[in-house]
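> So here's run.csv (CSV, C-alpha atoms).
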chain,number,residue,atom,x,y,z
A,1,MET,CA,-23.5,-7.1,-50.1
A,2,LYS,CA,-22.8,-6.8,-46.4
A,3,LYS,CA,-25.6,-4.3,-46.1
A,4,HIS,CA,-28.0,-6.7,-47.7
A,5,ILE,CA,-27.0,-9.5,-45.4
A,6,LEU,CA,-27.2,-7.3,-42.4
A,7,PHE,CA,-30.7,-6.1,-43.5
A,8,ILE,CA,-31.9,-9.6,-44.0
A,9,PHE,CA,-30.5,-10.7,-40.6
A,10,ALA,CA,-32.2,-7.7,-38.9
A,11,ALA,CA,-35.6,-8.5,-40.6
A,12,PHE,CA,-35.3,-12.1,-39.6
A,13,CYS,CA,-34.7,-11.2,-36.0
A,14,LEU,CA,-37.6,-8.8,-36.0
A,15,PHE,CA,-39.8,-11.5,-37.5
A,16,LEU,CA,-38.7,-14.0,-34.8
A,17,PHE,CA,-39.4,-11.7,-31.9
A,18,SER,CA,-42.7,-10.3,-33.3
A,19,ASN,CA,-44.1,-13.9,-33.2
A,20,CYS,CA,-43.3,-14.3,-29.5
A,21,LYS,CA,-46.1,-13.7,-27.1
A,22,LYS,CA,-44.8,-11.9,-24.0
A,23,GLY,CA,-45.7,-13.9,-20.9
A,24,LYS,CA,-47.2,-16.8,-22.7
A,25,ILE,CA,-47.6,-19.9,-20.6
A,26,ASN,CA,-45.8,-22.8,-22.2
A,27,LYS,CA,-46.0,-25.8,-19.9
A,28,LEU,CA,-49.3,-25.8,-18.0
A,29,ASP,CA,-49.6,-28.3,-15.0
A,30,SER,CA,-52.9,-27.2,-13.5
A,31,ILE,CA,-55.5,-24.5,-13.2
A,32,SER,CA,-57.7,-24.2,-10.1
A,33,TYR,CA,-60.6,-21.9,-9.3
A,34,GLY,CA,-62.7,-21.8,-6.3
A,35,THR,CA,-65.2,-19.9,-4.1
A,36,SER,CA,-65.7,-19.9,-0.4
A,37,PHE,CA,-68.0,-18.3,2.2
A,38,GLY,CA,-67.0,-18.4,5.8
A,39,MET,CA,-70.3,-17.8,7.5
A,40,CYS,CA,-72.8,-20.0,5.7
A,41,THR,CA,-74.4,-23.4,6.0
A,42,GLY,CA,-74.3,-26.1,3.4
A,43,TYR,CA,-71.6,-26.5,0.8
A,44,CYS,CA,-69.8,-23.2,1.3
A,45,ALA,CA,-66.5,-24.0,-0.5
A,46,GLN,CA,-66.5,-25.1,-4.1
A,47,SER,CA,-63.5,-25.6,-6.4
A,48,ILE,CA,-62.5,-27.0,-9.7
A,49,VAL,CA,-59.1,-28.3,-10.8
A,50,ILE,CA,-58.0,-28.7,-14.4
A,51,SER,CA,-55.1,-31.1,-14.9
A,52,ASP,CA,-54.2,-33.6,-17.7
A,53,SER,CA,-57.5,-33.3,-19.6
A,54,LYS,CA,-59.5,-33.9,-16.4
A,55,LEU,CA,-61.8,-31.5,-14.7
A,56,THR,CA,-62.4,-32.3,-11.0
A,57,PHE,CA,-65.1,-30.5,-8.9
A,58,SER,CA,-65.2,-30.5,-5.1
A,59,LYS,CA,-67.6,-29.0,-2.7
A,60,THR,CA,-67.2,-29.0,1.1
A,61,LYS,CA,-69.4,-28.1,4.0
A,62,ASN,CA,-68.2,-25.7,6.8
A,63,GLY,CA,-68.0,-27.1,10.3
A,64,SER,CA,-66.5,-30.0,12.2
A,65,THR,CA,-67.6,-32.6,9.6
A,66,PRO,CA,-66.7,-31.2,6.2
A,67,ASP,CA,-68.5,-33.9,4.1
A,68,THR,CA,-66.7,-33.3,0.8
A,69,LYS,CA,-68.3,-34.3,-2.4
A,70,THR,CA,-66.2,-34.8,-5.6
A,71,CYS,CA,-67.2,-35.3,-9.2
A,72,SER,CA,-65.0,-35.3,-12.4
A,73,LYS,CA,-65.2,-35.4,-16.1
A,74,SER,CA,-62.9,-34.9,-19.1
A,75,ILE,CA,-62.2,-31.6,-20.6
A,76,SER,CA,-61.0,-31.0,-24.1
A,77,ALA,CA,-57.6,-29.6,-25.0
A,78,THR,CA,-59.4,-26.8,-26.9
A,79,GLU,CA,-61.2,-25.7,-23.7
A,80,ILE,CA,-57.9,-25.9,-21.7
A,81,ASN,CA,-56.1,-23.8,-24.3
A,82,GLU,CA,-58.9,-21.2,-24.4
A,83,ILE,CA,-58.4,-20.6,-20.6
A,84,LYS,CA,-54.6,-20.9,-20.8
A,85,ASN,CA,-54.5,-18.2,-23.5
A,86,LEU,CA,-56.5,-15.9,-21.3
A,87,LEU,CA,-53.9,-16.3,-18.5
A,88,VAL,CA,-50.6,-14.4,-19.0
A,89,ALA,CA,-47.8,-15.5,-16.8
A,90,ASN,CA,-46.2,-12.0,-16.3
A,91,GLN,CA,-49.6,-10.5,-15.4
A,92,LEU,CA,-50.2,-13.3,-12.9
A,93,SER,CA,-46.8,-12.7,-11.3
A,94,ASN,CA,-47.5,-9.0,-11.0
A,95,LEU,CA,-50.8,-9.5,-9.1
A,96,PRO,CA,-50.7,-9.6,-5.3
A,97,GLU,CA,-51.6,-12.8,-3.7
A,98,ARG,CA,-54.6,-11.1,-1.9
A,99,ILE,CA,-56.7,-8.4,-3.4
A,100,GLY,CA,-59.2,-6.4,-1.3
A,101,CYS,CA,-60.7,-8.1,1.7
A,102,PRO,CA,-61.8,-11.6,0.6
A,103,ASP,CA,-64.7,-13.0,2.7
A,104,CYS,CA,-64.8,-10.0,5.0
A,105,ALA,CA,-68.3,-9.5,6.4
A,106,ASP,CA,-69.2,-12.8,4.7
A,107,GLY,CA,-68.9,-11.3,1.3
A,108,GLY,CA,-67.2,-14.4,0.0
A,109,ALA,CA,-63.9,-15.1,-1.6
A,110,GLU,CA,-62.8,-16.3,-5.0
A,111,TRP,CA,-59.4,-17.5,-6.1
A,112,VAL,CA,-57.5,-18.7,-9.1
A,113,SER,CA,-54.3,-20.8,-8.9
A,114,VAL,CA,-52.1,-21.6,-11.8
A,115,THR,CA,-49.1,-24.0,-11.8
A,116,ALA,CA,-47.1,-23.5,-15.0
A,117,ASP,CA,-43.6,-23.3,-16.2
A,118,GLY,CA,-42.3,-24.4,-12.8
A,119,LYS,CA,-44.1,-21.7,-10.9
A,120,GLN,CA,-47.3,-21.4,-8.9
A,121,TYR,CA,-49.5,-18.3,-8.8
A,122,LYS,CA,-52.5,-18.0,-6.5
A,123,ILE,CA,-54.6,-14.9,-6.4
A,124,THR,CA,-57.4,-14.6,-3.9
A,125,TYR,CA,-59.9,-11.7,-4.2
A,126,GLU,CA,-63.4,-10.6,-3.1
A,127,TYR,CA,-66.2,-12.7,-4.5
A,128,GLY,CA,-67.5,-11.3,-7.8
A,129,LYS,CA,-64.6,-8.8,-8.1
A,130,ALA,CA,-62.1,-10.5,-10.4
A,131,PRO,CA,-59.1,-8.3,-11.4
A,132,LYS,CA,-59.2,-7.3,-15.0
A,133,GLU,CA,-56.2,-9.5,-15.7
A,134,LEU,CA,-58.2,-12.6,-14.7
A,135,ALA,CA,-61.7,-11.6,-15.8
A,136,GLY,CA,-61.9,-13.6,-19.0
A,137,ALA,CA,-60.4,-16.7,-17.5
A,138,VAL,CA,-62.6,-16.5,-14.5
A,139,ALA,CA,-65.8,-16.2,-16.6
A,140,LYS,CA,-64.9,-19.5,-18.4
A,141,LEU,CA,-63.9,-21.2,-15.1
A,142,LYS,CA,-67.2,-20.2,-13.5
A,143,VAL,CA,-69.1,-21.8,-16.4
A,144,LEU,CA,-67.1,-25.0,-15.9
A,145,LYS,CA,-67.8,-25.0,-12.1
A,146,ASP,CA,-71.5,-24.3,-12.7
A,147,SER,CA,-71.6,-27.4,-15.0
A,148,PHE,CA,-71.4,-29.5,-11.8
A,149,LYS,CA,-74.7,-28.3,-10.3
A,150,ASP,CA,-75.9,-31.9,-10.1
A,151,CYS,CA,-72.8,-33.3,-8.3
A,152,ASN,CA,-74.1,-35.1,-5.2
Is it possible to express this structure as structure tokens?

Amino acid sequence: MKKHILFIFAAFCLFLFSNCKKGKINKLDSISYGTSFGMCTGYCAQSIVISDSKLTFSKTKNGSTPDTKTCSKSISATEINEIKNLLVANQLSNLPERIGCPDCADGGAEWVSVTADGKQYKITYEYGKAPKELAGAVAKLKVLKDSFKDCN
């Protein structure tokens, strides 16, 4: 009888731990994504912030008068969860804050910032060279950023 109880307990524990996703983000506060180019004219820095079912886009000119433009719209919980599921907390924490040489020789820079579970992760990398751990999320974030082409 004890062997059966022990077996059932072991099977139950195995079931519990097999359903856990390692590194899963539980409480998401915000996701940000942006691009910037140091040596350009016009709106050289663009970013989006996802927070509380709101998607906010900003673009800023380089120079002494930044002239920032901002637009926003709502974003569905489904879209947020799709991006959140592509971000794994333990992979974010293992990435360095800076990868490569962002915006060297005016090659541009991209960054992803996630505030979740009481921690903030920000990774900046060379434009167009997202690390594989971020590639899926970055692809979705770019589409969202590009949806603001008419923001004036």
> Pick out the closest residue to Lys24 of chain A from this set: A:Leu92, A:Glu97, A:Ser147, A:Gly108. Count all atoms listed in the file.
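Result for the nearest residue to Lys24 of chain A: A:Leu92.
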> Give the answer as one residue: which of A:Ser51, A:Lys27, A:Lys73, A:Gln91 has the shortest atom-to-atom distance to Phe148 of chain A, using all atoms listed in the file?
A:Lys73
> Can you list, as a PDB file with C-alpha atoms, keeping the file's coordinate frame, every protein, DNA or RNA residue that comes within 8 Å of Asn26 of chain A when you count all atoms listed in the file, leaving out same-chain residues fewer than 2 positions away?

ATOM      1  CA  LYS A  24     -47.200 -16.800 -22.700  1.00  0.00           C
ATOM      2  CA  LEU A  28     -49.300 -25.800 -18.000  1.00  0.00           C
ATOM      3  CA  ALA A 116     -47.100 -23.500 -15.000  1.00  0.00           C
ATOM      4  CA  ASP A 117     -43.600 -23.300 -16.200  1.00  0.00           C
TER       5      ASP A 117
END
> When distances are computed from only C-alpha atoms, which of A:Asn152, A:Ser93, A:Thr56, A:Ser47 shows the smallest separation from Ile123 of chain A?
A:Ser93
> May I ask which of the residues A:Ser53, A:Asp67, A:Tyr127, A:Lys61 is the closest one to Asp106 of chain A, counting all atoms listed in the file?
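Closest to Asp106 of chain A of all the choices is A:Tyr127.
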> Rank A:Cys101, A:Ala109, A:Gly38, A:Ser76 by their smallest atom-to-atom distance to Lys54 of chain A, using only C-alpha atoms, and report the top residue only.
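Closest to Lys54 of chain A of all the choices is A:Ser76.
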> Just to confirm, what's the straight-line distance from atom CA of Val143 of chain A to atom CA of Gly34 of chain A in Å (one decimal)?
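Between these atoms lies a distance of 12.0 Å.
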> So how many Å separate atom CA of Thr65 of chain A and atom CA of Lys142 of chain A, to one decimal?
26.2 Å
> Using all atoms listed in the file, which residue out of A:Gln46, A:Asn81, A:Ser58, A:Thr70 lies closest to Ile25 of chain A?
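Of A:Gln46, A:Asn81, A:Ser58, A:Thr70, the one nearest Ile25 of chain A is A:Asn81, counting all atoms listed in the file.
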> Just to confirm, what's the straight-line distance from atom CA of Val88 of chain A to atom CA of Cys44 of chain A in Å (one decimal)?
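Between atom CA of Val88 of chain A and atom CA of Cys44 of chain A the gap works out to 29.3 Å.
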